[in-house]
Amino acid sequence: MKKITFTCAAALSMIILSSCGASGNDEIVLRIANSEEYIDYGFWDDDEAIELDGGTVMGERPMINDFEDWFYEQYGKKVRVEYSTYGSNEEMYNMISMGDVFDMVCPSDYMIMKLMEEDALVPLSDEFFDEDIEENYYINGVSPYISKMFDFLRINDESIGKYSAGYMWGNMGIVYNPEGVDEEDTAHWEMLNDPKYFKRVTMKDGVRDSYIVAANILNRELIESGEFLNREDYYGALTDVLNDTSQETVDKIESVLTDMRNNCYSLENDSGKADIITGKVLANMQWSGDAVYTILECEEEGVTLCYRVPEEGSNLWFDGWVMMKDGLSGDPDKQLAAEAFINFLSRPDNVVRNMCWIGYTSAISGGDDPLIGEYLEYCYGAEDECEEDELTDYDISYFFGEEYILETTEDMAKGVLFAAYPDEETLGRCVIMRDFTREENDRIMRMWTNIRCFSLW
């Protein structure tokens with residue numbers, strides 16, 4: 001996998017400027033807000049083109065501009081995208097609460113649930129789910145695994161899949177340097193508290209990310225017991241345990257996180273990638289997409305890193321596109337354009353473009369189109385010159401909904417490939433954190449303030 005680099009601010013300004021101008025009476029204006037650097041900004045160099053059996057994938061222009069042209073060709077209507085970015089789910093929510101109006105946003109699972117509870121979303125249309133429509137790339141290409149998870153998550157007996165379409169997904173694990181870390185230590189989250197790694201590990205500067213790690217440490221004996229593992233409702237029970245936000249549990253979580261904060265080199269959301277690359281730390285709590293980036297960057301320096309999801313459990317997250325009720329205001333043309341935007345991003349060549357640029361894993365497997373499978377081979381397949389004892393078969397059939405076994409190397413299977421596409425057994429113990437109520441959020445944020453101010457004590 002290649003990460004394309006250029007001046008993001010300049011590229012984004014080009015996207016915005018290209019969308020400016022007077023709006024004609026027949027022009028649809030689609031206001032979209034998305035996380036920073038979370039879509040292909042285009043302007044690839046010629047040598048960055050991805051040559052696959054199914055065709056060449058190339059981001060010559062920003063994805064937004066390509067969508068505007070495609071929409072006109074498909075529907076005979078002009079659309080102008082006004083594109084904005086935000087730094088986090090909470091920032092996006094605050095923007096909306098303060099009066100910013102968007103037609104579409106791309107929040108994470110728990111924020112989707114929050115917006116559903118507030119009746120802020122428009123459900124996706126029946127036409128959007130019609131598999132007989134050729135341009136419905138989403139429903140014809142979404143991974144069966146992702147589709148199942150979106151149906152599993154429900155608010156007021158409605159699945160989030162009725163209101164959102166998956167974009168990117170991943171989990172939380174530990175990136176580590178096997179030259180300085182005992183592999184057996186990475187089997188459990190407690191390594192972040194282990195004095196053996198004093199000031200050589202990092203933790204996330206985010207309450208939800210660190211909370212679920214601490215919850216696994218706190219409940220390890222319970223969730224690894226035979227009785228718990230053999231429960232018929234294991235996944236639901238694990239979800240409940242790791243989402244417990246009672247005052248008693250929060251107090252215990254604070255104690256765990258205080259020890260972790262004392263042992264860690266830093267609280268971080270971005271610097272941990274550089275710290276492990278430069279050797280300041282040996283391991284860090286890491287999102288899977290950033291793990292991919294970190295492993296590949298170190299690979300260029302001749303350093304092999306690994307990625308592991310500890311045995312007790314972890315976080316599973318999804319980002320998905322939703323349509324805002326206040327923005328669409330019942331306008332059928334806007335809803336047509338919004339759903340077409342999701343489908344355009346879900347077209348396999350555009351899925352490859354976005355995965356290559358962003359570095360995270362798409363919710364789209366491609367259905368009958370083999371291009372995404374070819375891209376995995378391009379990124380993670382074993383080279384012809386690999387020795388037989390270096391090779392291993394990696395099963396990603398759960399994601400594609402049919403047999404897909406990739407011949408790769410042991411390093412890939414323990415590193416970048418595992419980070420991008422965890423095996424099915426690992427995902428069986430990764431749960432989604434629910435949206436917190438106001439009371440729960442206040443309780444947890446008071447605790448987190450104590451952790452973040454730890455260095456001032």
# chains A, B, ... in the order shown; residues from 1 in each chain; ligands from 1
$ residues_around --residues "Trp317 in chain A" --least-positions-apart "2" --cutoff "9 Å" --atoms "only C-alpha atoms" --output "VMD selection string"
chain A and resid 108 to 110 168 to 172 315 319 430 to 433
$ write_last_selection --atoms "N, CA, C and O atoms" --output "short mmCIF file (atom, residue, chain, number, x, y, z; two decimals), in the first residue's frame"
data_model
loop_
_atom_site.label_atom_id
_atom_site.label_comp_id
_atom_site.auth_asym_id
_atom_site.auth_seq_id
_atom_site.Cartn_x
_atom_site.Cartn_y
_atom_site.Cartn_z
N SER A 108 -18.75 8.47 13.32
CA SER A 108 -18.48 7.10 13.77
C SER A 108 -19.75 6.49 14.35
O SER A 108 -20.75 7.18 14.59
N ASP A 109 -19.68 5.19 14.60
CA ASP A 109 -20.84 4.41 15.02
C ASP A 109 -21.62 5.02 16.17
O ASP A 109 -22.84 5.20 16.09
N TYR A 110 -20.93 5.39 17.26
CA TYR A 110 -21.64 5.89 18.43
C TYR A 110 -22.31 7.24 18.14
O TYR A 110 -23.39 7.52 18.67
N MET A 168 -15.38 3.62 6.24
CA MET A 168 -14.15 2.96 6.66
C MET A 168 -14.40 2.28 8.00
O MET A 168 -15.34 2.61 8.72
N TRP A 169 -13.54 1.34 8.35
CA TRP A 169 -13.70 0.61 9.62
C TRP A 169 -12.35 0.13 10.10
O TRP A 169 -11.36 0.13 9.37
N GLY A 170 -12.31 -0.28 11.37
CA GLY A 170 -11.06 -0.79 11.92
C GLY A 170 -11.22 -1.15 13.39
O GLY A 170 -12.33 -1.23 13.91
N ASN A 171 -10.09 -1.33 14.06
CA ASN A 171 -10.12 -1.66 15.47
C ASN A 171 -8.94 -1.00 16.19
O ASN A 171 -8.22 -0.19 15.60
N MET A 172 -8.75 -1.35 17.44
CA MET A 172 -7.66 -0.82 18.24
C MET A 172 -6.76 -1.98 18.65
O MET A 172 -7.25 -3.05 19.03
N ASN A 315 -11.70 -2.66 20.82
CA ASN A 315 -12.72 -1.81 20.21
C ASN A 315 -12.86 -2.12 18.72
O ASN A 315 -11.87 -2.39 18.04
N ASP A 319 -17.08 4.09 10.51
CA ASP A 319 -17.55 5.41 10.10
C ASP A 319 -18.55 5.21 8.96
O ASP A 319 -18.35 4.35 8.10
N CYS A 430 -13.94 -8.08 19.42
CA CYS A 430 -13.85 -6.62 19.30
C CYS A 430 -15.26 -6.05 19.30
O CYS A 430 -16.08 -6.42 18.46
N VAL A 431 -15.55 -5.16 20.23
CA VAL A 431 -16.91 -4.65 20.38
C VAL A 431 -16.97 -3.16 20.12
O VAL A 431 -15.97 -2.45 20.19
N ILE A 432 -18.16 -2.69 19.83
CA ILE A 432 -18.40 -1.27 19.57
C ILE A 432 -18.81 -0.58 20.86
O ILE A 432 -19.64 -1.08 21.62
N MET A 433 -18.21 0.57 21.11
CA MET A 433 -18.60 1.36 22.26
C MET A 433 -19.88 2.13 21.94
O MET A 433 -19.99 2.76 20.90
#
$ residues_around --residues "Ser266 in chain A" --least-positions-apart "6" --cutoff "8 Å" --atoms "only C-alpha atoms" --output "PyMOL selection string"
chain A and resi 199+201-203
$ write_last_selection --atoms "N, CA, C and O atoms" --output "mmCIF file, in the first residue's frame"
data_model
loop_
_atom_site.group_PDB
_atom_site.id
_atom_site.type_symbol
_atom_site.label_atom_id
_atom_site.label_comp_id
_atom_site.auth_asym_id
_atom_site.auth_seq_id
_atom_site.Cartn_x
_atom_site.Cartn_y
_atom_site.Cartn_z
ATOM 1 N N LYS A 199 7.868 4.247 30.321
ATOM 2 C CA LYS A 199 8.113 5.358 29.402
ATOM 3 C C LYS A 199 8.563 4.901 28.003
ATOM 4 O O LYS A 199 9.143 5.673 27.245
ATOM 5 N N VAL A 201 6.135 3.136 26.093
ATOM 6 C CA VAL A 201 4.849 2.876 25.435
ATOM 7 C C VAL A 201 4.018 4.163 25.470
ATOM 8 O O VAL A 201 4.287 5.067 26.268
ATOM 9 N N THR A 202 3.025 4.245 24.585
ATOM 10 C CA THR A 202 2.122 5.403 24.586
ATOM 11 C C THR A 202 0.674 4.937 24.661
ATOM 12 O O THR A 202 0.365 3.789 24.346
ATOM 13 N N MET A 203 -0.207 5.854 25.054
ATOM 14 C CA MET A 203 -1.639 5.578 25.107
ATOM 15 C C MET A 203 -2.378 6.715 24.412
ATOM 16 O O MET A 203 -1.839 7.805 24.206
#
$ closest_atom_pairs --of "range 80-194 of chain A" --to "range 401-413 of chain A" --cutoff "10 Å" --atoms "only C-alpha atoms" --output "tab-separated table"
residue	atom	partner	partner_atom	distance
A:Val142	CA	A:Gly401	CA	9.9
A:Ser143	CA	A:Gly401	CA	7.0
A:Pro144	CA	A:Gly401	CA	5.7
A:Tyr145	CA	A:Gly401	CA	7.5
$ write_last_selection --atoms "N, CA and C atoms" --output "short mmCIF file (atom, residue, chain, number, x, y, z; two decimals), in the first residue's frame"
data_model
loop_
_atom_site.label_atom_id
_atom_site.label_comp_id
_atom_site.auth_asym_id
_atom_site.auth_seq_id
_atom_site.Cartn_x
_atom_site.Cartn_y
_atom_site.Cartn_z
N VAL A 142 -21.08 -3.71 -0.68
CA VAL A 142 -20.71 -3.65 0.73
C VAL A 142 -20.36 -5.04 1.25
N SER A 143 -19.35 -5.10 2.10
CA SER A 143 -18.94 -6.38 2.67
C SER A 143 -20.07 -6.99 3.49
N PRO A 144 -20.32 -8.29 3.33
CA PRO A 144 -21.35 -8.94 4.14
C PRO A 144 -21.09 -8.80 5.63
N TYR A 145 -19.83 -8.78 6.02
CA TYR A 145 -19.49 -8.61 7.43
C TYR A 145 -19.93 -7.24 7.93
#
$ select_by_dssp --residues "range 257-439 of chain A" --states "helix (DSSP H, G or I)" --output "PyMOL selection string"
chain A and resi 257-263+271-278+288-300+325-328+332-346+348-358+371-380+388-390+397-400+410-414+416-420+424-427+438-439
$ residues_around --residues "Asp244 in chain A" --least-positions-apart "2" --cutoff "10 Å" --atoms "only C-alpha atoms" --output "PDB file with N, CA and C atoms, in the first residue's frame"
ATOM      1  N   ILE A 212     -11.962   1.809  26.912  1.00  0.00           N
ATOM      2  CA  ILE A 212     -12.231   0.414  26.579  1.00  0.00           C
ATOM      3  C   ILE A 212     -11.002  -0.465  26.816  1.00  0.00           C
ATOM      4  N   ALA A 215     -11.053  -1.028  30.495  1.00  0.00           N
ATOM      5  CA  ALA A 215     -12.138  -1.953  30.833  1.00  0.00           C
ATOM      6  C   ALA A 215     -11.720  -3.397  30.578  1.00  0.00           C
ATOM      7  N   THR A 239     -19.935  -6.956  25.016  1.00  0.00           N
ATOM      8  CA  THR A 239     -20.273  -5.569  24.727  1.00  0.00           C
ATOM      9  C   THR A 239     -20.777  -4.859  25.981  1.00  0.00           C
ATOM     10  N   ASP A 240     -21.615  -5.546  26.751  1.00  0.00           N
ATOM     11  CA  ASP A 240     -22.145  -4.952  27.982  1.00  0.00           C
ATOM     12  C   ASP A 240     -21.036  -4.689  28.996  1.00  0.00           C
ATOM     13  N   VAL A 241     -20.159  -5.662  29.189  1.00  0.00           N
ATOM     14  CA  VAL A 241     -19.087  -5.525  30.178  1.00  0.00           C
ATOM     15  C   VAL A 241     -18.170  -4.355  29.834  1.00  0.00           C
ATOM     16  N   LEU A 242     -17.776  -4.253  28.568  1.00  0.00           N
ATOM     17  CA  LEU A 242     -16.810  -3.229  28.172  1.00  0.00           C
ATOM     18  C   LEU A 242     -17.453  -1.857  28.005  1.00  0.00           C
ATOM     19  N   SER A 246     -21.016   2.532  35.113  1.00  0.00           N
ATOM     20  CA  SER A 246     -21.501   2.830  36.460  1.00  0.00           C
ATOM     21  C   SER A 246     -20.408   3.585  37.223  1.00  0.00           C
ATOM     22  N   GLN A 247     -20.807   4.319  38.268  1.00  0.00           N
ATOM     23  CA  GLN A 247     -19.821   5.092  39.028  1.00  0.00           C
ATOM     24  C   GLN A 247     -18.753   4.185  39.619  1.00  0.00           C
ATOM     25  N   GLU A 248     -19.157   3.012  40.111  1.00  0.00           N
ATOM     26  CA  GLU A 248     -18.190   2.077  40.683  1.00  0.00           C
ATOM     27  C   GLU A 248     -17.149   1.659  39.645  1.00  0.00           C
ATOM     28  N   THR A 249     -17.623   1.353  38.430  1.00  0.00           N
ATOM     29  CA  THR A 249     -16.699   0.937  37.374  1.00  0.00           C
ATOM     30  C   THR A 249     -15.811   2.094  36.936  1.00  0.00           C
ATOM     31  N   VAL A 250     -16.374   3.280  36.796  1.00  0.00           N
ATOM     32  CA  VAL A 250     -15.585   4.436  36.381  1.00  0.00           C
ATOM     33  C   VAL A 250     -14.466   4.713  37.386  1.00  0.00           C
ATOM     34  N   MET A 433     -18.210   0.569  21.106  1.00  0.00           N
ATOM     35  CA  MET A 433     -18.602   1.361  22.262  1.00  0.00           C
ATOM     36  C   MET A 433     -19.877   2.129  21.943  1.00  0.00           C
ATOM     37  N   ARG A 434     -20.829   2.059  22.849  1.00  0.00           N
ATOM     38  CA  ARG A 434     -22.105   2.722  22.657  1.00  0.00           C
ATOM     39  C   ARG A 434     -21.985   4.230  22.912  1.00  0.00           C
ATOM     40  N   GLU A 440     -23.741   9.720  31.903  1.00  0.00           N
ATOM     41  CA  GLU A 440     -22.550   8.889  31.767  1.00  0.00           C
ATOM     42  C   GLU A 440     -21.372   9.700  31.246  1.00  0.00           C
TER      43      GLU A 440
END
$ residues_around --residues "Asp333 in chain A" --least-positions-apart "3" --cutoff "8 Å" --atoms "only C-alpha atoms" --output "short mmCIF file (atom, residue, chain, number, x, y, z; two decimals) with N, CA and C atoms, in the first residue's frame"
data_model
loop_
_atom_site.label_atom_id
_atom_site.label_comp_id
_atom_site.auth_asym_id
_atom_site.auth_seq_id
_atom_site.Cartn_x
_atom_site.Cartn_y
_atom_site.Cartn_z
N ILE A 28 -28.00 21.63 -7.96
CA ILE A 28 -28.18 21.10 -6.60
C ILE A 28 -26.92 21.45 -5.81
N LEU A 336 -31.34 12.51 -3.69
CA LEU A 336 -30.79 11.78 -4.84
C LEU A 336 -29.29 12.00 -4.94
N ALA A 337 -28.85 13.27 -4.81
CA ALA A 337 -27.43 13.58 -4.91
C ALA A 337 -26.64 12.99 -3.75
#
$ residues_around --residues "range 355-360 of chain A" --least-positions-apart "2" --cutoff "9 Å" --atoms "only C-alpha atoms" --output "MDAnalysis selection string"
chainID A and resid 1:5 37:42 168:170 288:290 292:293 350:353 362 420
$ write_last_selection --atoms "N, CA and C atoms" --output "PDB file, in the first residue's frame"
ATOM      1  N   MET A   1       0.846  -1.185   0.000  1.00  0.00           N
ATOM      2  CA  MET A   1       0.000   0.000   0.000  1.00  0.00           C
ATOM      3  C   MET A   1       0.880   1.233   0.000  1.00  0.00           C
ATOM      4  N   LYS A   2       0.486   2.233  -0.780  1.00  0.00           N
ATOM      5  CA  LYS A   2       1.257   3.460  -0.857  1.00  0.00           C
ATOM      6  C   LYS A   2       0.457   4.602  -0.263  1.00  0.00           C
ATOM      7  N   LYS A   3       1.130   5.460   0.458  1.00  0.00           N
ATOM      8  CA  LYS A   3       0.506   6.658   0.989  1.00  0.00           C
ATOM      9  C   LYS A   3       0.978   7.832   0.152  1.00  0.00           C
ATOM     10  N   ILE A   4       0.051   8.503  -0.509  1.00  0.00           N
ATOM     11  CA  ILE A   4       0.398   9.623  -1.366  1.00  0.00           C
ATOM     12  C   ILE A   4       0.534  10.872  -0.511  1.00  0.00           C
ATOM     13  N   THR A   5       1.596  11.621  -0.702  1.00  0.00           N
ATOM     14  CA  THR A   5       1.834  12.793   0.115  1.00  0.00           C
ATOM     15  C   THR A   5       1.909  14.038  -0.733  1.00  0.00           C
ATOM     16  N   GLU A  37      -8.703  15.008   5.825  1.00  0.00           N
ATOM     17  CA  GLU A  37      -7.898  14.071   5.029  1.00  0.00           C
ATOM     18  C   GLU A  37      -8.562  12.701   4.914  1.00  0.00           C
ATOM     19  N   TYR A  38      -9.880  12.683   4.726  1.00  0.00           N
ATOM     20  CA  TYR A  38     -10.629  11.425   4.730  1.00  0.00           C
ATOM     21  C   TYR A  38     -11.311  11.164   3.393  1.00  0.00           C
ATOM     22  N   ILE A  39     -10.706  11.686   2.327  1.00  0.00           N
ATOM     23  CA  ILE A  39     -11.168  11.430   0.966  1.00  0.00           C
ATOM     24  C   ILE A  39     -10.009  11.772   0.051  1.00  0.00           C
ATOM     25  N   ASP A  40      -9.956  11.132  -1.118  1.00  0.00           N
ATOM     26  CA  ASP A  40      -8.836  11.379  -2.039  1.00  0.00           C
ATOM     27  C   ASP A  40      -8.895  12.801  -2.596  1.00  0.00           C
ATOM     28  N   TYR A  41      -7.826  13.557  -2.365  1.00  0.00           N
ATOM     29  CA  TYR A  41      -7.738  14.927  -2.865  1.00  0.00           C
ATOM     30  C   TYR A  41      -7.163  15.002  -4.280  1.00  0.00           C
ATOM     31  N   GLY A  42      -6.764  13.881  -4.841  1.00  0.00           N
ATOM     32  CA  GLY A  42      -6.310  13.864  -6.230  1.00  0.00           C
ATOM     33  C   GLY A  42      -4.879  14.354  -6.423  1.00  0.00           C
ATOM     34  N   MET A 168     -15.381   3.620   6.243  1.00  0.00           N
ATOM     35  CA  MET A 168     -14.150   2.960   6.664  1.00  0.00           C
ATOM     36  C   MET A 168     -14.398   2.282   8.004  1.00  0.00           C
ATOM     37  N   TRP A 169     -13.537   1.335   8.350  1.00  0.00           N
ATOM     38  CA  TRP A 169     -13.701   0.614   9.616  1.00  0.00           C
ATOM     39  C   TRP A 169     -12.348   0.130  10.105  1.00  0.00           C
ATOM     40  N   GLY A 170     -12.314  -0.277  11.371  1.00  0.00           N
ATOM     41  CA  GLY A 170     -11.060  -0.793  11.924  1.00  0.00           C
ATOM     42  C   GLY A 170     -11.218  -1.146  13.386  1.00  0.00           C
ATOM     43  N   SER A 288      -6.050   0.861  13.875  1.00  0.00           N
ATOM     44  CA  SER A 288      -5.522  -0.044  12.861  1.00  0.00           C
ATOM     45  C   SER A 288      -5.019   0.683  11.619  1.00  0.00           C
ATOM     46  N   GLY A 289      -5.727   1.718  11.179  1.00  0.00           N
ATOM     47  CA  GLY A 289      -5.272   2.438   9.993  1.00  0.00           C
ATOM     48  C   GLY A 289      -3.956   3.136  10.203  1.00  0.00           C
ATOM     49  N   ASP A 290      -3.778   3.747  11.379  1.00  0.00           N
ATOM     50  CA  ASP A 290      -2.494   4.370  11.697  1.00  0.00           C
ATOM     51  C   ASP A 290      -1.418   3.316  11.889  1.00  0.00           C
ATOM     52  N   VAL A 292      -1.191   0.629  10.076  1.00  0.00           N
ATOM     53  CA  VAL A 292      -0.754   0.344   8.706  1.00  0.00           C
ATOM     54  C   VAL A 292       0.294   1.357   8.276  1.00  0.00           C
ATOM     55  N   TYR A 293       0.000   2.634   8.484  1.00  0.00           N
ATOM     56  CA  TYR A 293       0.937   3.697   8.108  1.00  0.00           C
ATOM     57  C   TYR A 293       2.281   3.525   8.836  1.00  0.00           C
ATOM     58  N   ASN A 350     -13.008   3.800  -7.052  1.00  0.00           N
ATOM     59  CA  ASN A 350     -12.935   4.899  -6.097  1.00  0.00           C
ATOM     60  C   ASN A 350     -12.649   4.405  -4.684  1.00  0.00           C
ATOM     61  N   VAL A 351     -13.119   3.204  -4.372  1.00  0.00           N
ATOM     62  CA  VAL A 351     -12.767   2.578  -3.096  1.00  0.00           C
ATOM     63  C   VAL A 351     -11.252   2.409  -3.000  1.00  0.00           C
ATOM     64  N   VAL A 352     -10.646   1.926  -4.072  1.00  0.00           N
ATOM     65  CA  VAL A 352      -9.188   1.740  -4.088  1.00  0.00           C
ATOM     66  C   VAL A 352      -8.483   3.081  -3.939  1.00  0.00           C
ATOM     67  N   ARG A 353      -8.962   4.097  -4.662  1.00  0.00           N
ATOM     68  CA  ARG A 353      -8.352   5.434  -4.545  1.00  0.00           C
ATOM     69  C   ARG A 353      -8.367   5.919  -3.105  1.00  0.00           C
ATOM     70  N   SER A 362     -11.715   0.105   3.684  1.00  0.00           N
ATOM     71  CA  SER A 362     -13.072   0.428   3.259  1.00  0.00           C
ATOM     72  C   SER A 362     -14.063  -0.644   3.702  1.00  0.00           C
ATOM     73  N   ALA A 420      -4.905  -4.171   8.713  1.00  0.00           N
ATOM     74  CA  ALA A 420      -5.937  -3.741   7.762  1.00  0.00           C
ATOM     75  C   ALA A 420      -7.141  -4.672   7.760  1.00  0.00           C
TER      76      ALA A 420
END
$ select_by_dssp --residues "range 137-187 of chain A" --states "strand (DSSP E or B)" --output "number ranges by chain"
A: 142, 154-155, 158-159, 164-176
$ write_last_selection --atoms "N, CA, C and O atoms" --output "short mmCIF file (atom, residue, chain, number, x, y, z; two decimals), in the first residue's frame"
data_model
loop_
_atom_site.label_atom_id
_atom_site.label_comp_id
_atom_site.auth_asym_id
_atom_site.auth_seq_id
_atom_site.Cartn_x
_atom_site.Cartn_y
_atom_site.Cartn_z
N VAL A 142 -21.08 -3.71 -0.68
CA VAL A 142 -20.71 -3.65 0.73
C VAL A 142 -20.36 -5.04 1.25
O VAL A 142 -20.96 -6.05 0.86
N ARG A 154 -28.51 -1.35 16.87
CA ARG A 154 -29.89 -0.88 16.75
C ARG A 154 -30.18 0.21 17.78
O ARG A 154 -29.67 0.18 18.91
N ILE A 155 -31.00 1.17 17.36
CA ILE A 155 -31.50 2.21 18.24
C ILE A 155 -33.02 2.23 18.09
O ILE A 155 -33.54 2.35 16.97
N GLU A 158 -34.43 0.04 15.49
CA GLU A 158 -34.08 0.29 14.10
C GLU A 158 -32.58 0.13 13.94
O GLU A 158 -31.80 0.64 14.76
N SER A 159 -32.15 -0.55 12.89
CA SER A 159 -30.72 -0.76 12.67
C SER A 159 -30.08 0.51 12.15
O SER A 159 -30.72 1.31 11.45
N SER A 164 -27.49 4.71 7.70
CA SER A 164 -26.09 5.01 7.39
C SER A 164 -25.50 3.96 6.47
O SER A 164 -25.93 2.80 6.46
N ALA A 165 -24.51 4.38 5.71
CA ALA A 165 -23.78 3.50 4.79
C ALA A 165 -22.32 3.48 5.20
O ALA A 165 -21.70 4.54 5.36
N GLY A 166 -21.76 2.29 5.38
CA GLY A 166 -20.39 2.17 5.86
C GLY A 166 -19.36 2.80 4.93
O GLY A 166 -19.47 2.70 3.70
N TYR A 167 -18.35 3.42 5.53
CA TYR A 167 -17.28 4.07 4.77
C TYR A 167 -15.94 3.39 5.06
O TYR A 167 -15.43 2.63 4.25
N MET A 168 -15.38 3.62 6.24
CA MET A 168 -14.15 2.96 6.66
C MET A 168 -14.40 2.28 8.00
O MET A 168 -15.34 2.61 8.72
N TRP A 169 -13.54 1.34 8.35
CA TRP A 169 -13.70 0.61 9.62
C TRP A 169 -12.35 0.13 10.10
O TRP A 169 -11.36 0.13 9.37
N GLY A 170 -12.31 -0.28 11.37
CA GLY A 170 -11.06 -0.79 11.92
C GLY A 170 -11.22 -1.15 13.39
O GLY A 170 -12.33 -1.23 13.91
N ASN A 171 -10.09 -1.33 14.06
CA ASN A 171 -10.12 -1.66 15.47
C ASN A 171 -8.94 -1.00 16.19
O ASN A 171 -8.22 -0.19 15.60
N MET A 172 -8.75 -1.35 17.44
CA MET A 172 -7.66 -0.82 18.24
C MET A 172 -6.76 -1.98 18.65
O MET A 172 -7.25 -3.05 19.03
N GLY A 173 -5.46 -1.78 18.55
CA GLY A 173 -4.52 -2.81 18.95
C GLY A 173 -3.21 -2.21 19.42
O GLY A 173 -3.14 -1.03 19.77
N ILE A 174 -2.18 -3.02 19.45
CA ILE A 174 -0.85 -2.60 19.88
C ILE A 174 0.12 -2.77 18.73
O ILE A 174 0.27 -3.87 18.19
N VAL A 175 0.75 -1.68 18.33
CA VAL A 175 1.87 -1.74 17.38
C VAL A 175 3.14 -1.87 18.21
O VAL A 175 3.33 -1.11 19.18
N TYR A 176 4.00 -2.81 17.86
CA TYR A 176 5.19 -3.01 18.68
C TYR A 176 6.39 -3.42 17.84
O TYR A 176 6.25 -3.97 16.75
#
$ closest_residue --among "A:Ala49, A:Ser125, A:Met111, A:Ser147" --to "Asp435 in chain A" --atoms "only C-alpha atoms"
A:Met111
$ residues_around --residues "Asn156 in chain A" --least-positions-apart "5" --cutoff "12 Å" --atoms "only C-alpha atoms" --output "PyMOL selection string"
chain A and resi 113-114+116-119
$ closest_residue --among "A:Gly415, A:Pro123, A:Gly313, A:Gly99" --to "Asn177 in chain A" --atoms "only C-alpha atoms"
A:Gly415
$ atom_distance --atom1 "CA of Asp185 in chain A" --atom2 "CA of Thr392 in chain A"
23.7 Å
$ closest_residue --among "A:Asp45, A:Glu385, A:Asp395, A:Asp270" --to "Met58 in chain A" --atoms "only C-alpha atoms"
A:Asp45
$ residues_around --residues "Phe128 in chain A" --least-positions-apart "5" --cutoff "9 Å" --atoms "only C-alpha atoms" --output "mmCIF file with all heavy atoms, in the first residue's frame"
data_model
loop_
_atom_site.group_PDB
_atom_site.id
_atom_site.type_symbol
_atom_site.label_atom_id
_atom_site.label_comp_id
_atom_site.auth_asym_id
_atom_site.auth_seq_id
_atom_site.Cartn_x
_atom_site.Cartn_y
_atom_site.Cartn_z
ATOM 1 N N ILE A 133 -30.412 -1.932 -9.553
ATOM 2 C CA ILE A 133 -29.950 -0.675 -10.141
ATOM 3 C C ILE A 133 -28.425 -0.720 -10.253
ATOM 4 O O ILE A 133 -27.725 -0.847 -9.246
ATOM 5 C CB ILE A 133 -30.395 0.531 -9.298
ATOM 6 C CG1 ILE A 133 -31.929 0.602 -9.250
ATOM 7 C CG2 ILE A 133 -29.812 1.835 -9.864
ATOM 8 C CD1 ILE A 133 -32.474 1.705 -8.356
ATOM 9 N N ASN A 136 -26.086 1.422 -8.099
ATOM 10 C CA ASN A 136 -26.124 1.247 -6.641
ATOM 11 C C ASN A 136 -24.913 0.430 -6.189
ATOM 12 O O ASN A 136 -25.018 -0.727 -5.767
ATOM 13 C CB ASN A 136 -27.428 0.564 -6.217
ATOM 14 C CG ASN A 136 -28.581 1.545 -6.116
ATOM 15 O OD1 ASN A 136 -28.407 2.747 -6.307
ATOM 16 N ND2 ASN A 136 -29.775 1.035 -5.831
ATOM 17 N N TYR A 138 -23.070 0.737 -3.635
ATOM 18 C CA TYR A 138 -22.954 0.416 -2.212
ATOM 19 C C TYR A 138 -23.621 -0.919 -1.889
ATOM 20 O O TYR A 138 -22.972 -1.836 -1.385
ATOM 21 C CB TYR A 138 -23.547 1.523 -1.341
ATOM 22 C CG TYR A 138 -23.423 1.180 0.133
ATOM 23 C CD1 TYR A 138 -22.226 1.380 0.804
ATOM 24 C CD2 TYR A 138 -24.490 0.612 0.845
ATOM 25 C CE1 TYR A 138 -22.080 1.035 2.146
ATOM 26 C CE2 TYR A 138 -24.360 0.262 2.175
ATOM 27 C CZ TYR A 138 -23.153 0.474 2.821
ATOM 28 O OH TYR A 138 -23.006 0.115 4.142
ATOM 29 N N ILE A 139 -24.907 -1.030 -2.153
ATOM 30 C CA ILE A 139 -25.615 -2.250 -1.763
ATOM 31 C C ILE A 139 -25.098 -3.463 -2.529
ATOM 32 O O ILE A 139 -25.142 -4.585 -2.035
ATOM 33 C CB ILE A 139 -27.140 -2.081 -1.950
ATOM 34 C CG1 ILE A 139 -27.889 -3.197 -1.216
ATOM 35 C CG2 ILE A 139 -27.510 -2.031 -3.419
ATOM 36 C CD1 ILE A 139 -27.639 -3.244 0.272
ATOM 37 N N GLU A 339 -27.355 10.260 -1.913
ATOM 38 C CA GLU A 339 -27.223 8.815 -2.064
ATOM 39 C C GLU A 339 -26.318 8.471 -3.240
ATOM 40 O O GLU A 339 -25.575 7.474 -3.191
ATOM 41 C CB GLU A 339 -28.610 8.189 -2.222
ATOM 42 C CG GLU A 339 -29.440 8.321 -0.954
ATOM 43 C CD GLU A 339 -30.817 7.675 -1.057
ATOM 44 O OE1 GLU A 339 -31.264 7.364 -2.187
ATOM 45 O OE2 GLU A 339 -31.443 7.482 -0.004
ATOM 46 N N ALA A 340 -26.343 9.300 -4.289
ATOM 47 C CA ALA A 340 -25.440 9.083 -5.419
ATOM 48 C C ALA A 340 -23.991 9.278 -4.993
ATOM 49 O O ALA A 340 -23.090 8.577 -5.475
ATOM 50 C CB ALA A 340 -25.783 10.035 -6.562
ATOM 51 N N ASN A 343 -22.845 6.141 -3.380
ATOM 52 C CA ASN A 343 -22.624 5.116 -4.392
ATOM 53 C C ASN A 343 -21.357 5.384 -5.203
ATOM 54 O O ASN A 343 -20.623 4.445 -5.546
ATOM 55 C CB ASN A 343 -23.840 5.026 -5.316
ATOM 56 C CG ASN A 343 -24.955 4.196 -4.716
ATOM 57 O OD1 ASN A 343 -24.707 3.149 -4.121
ATOM 58 N ND2 ASN A 343 -26.187 4.659 -4.848
#
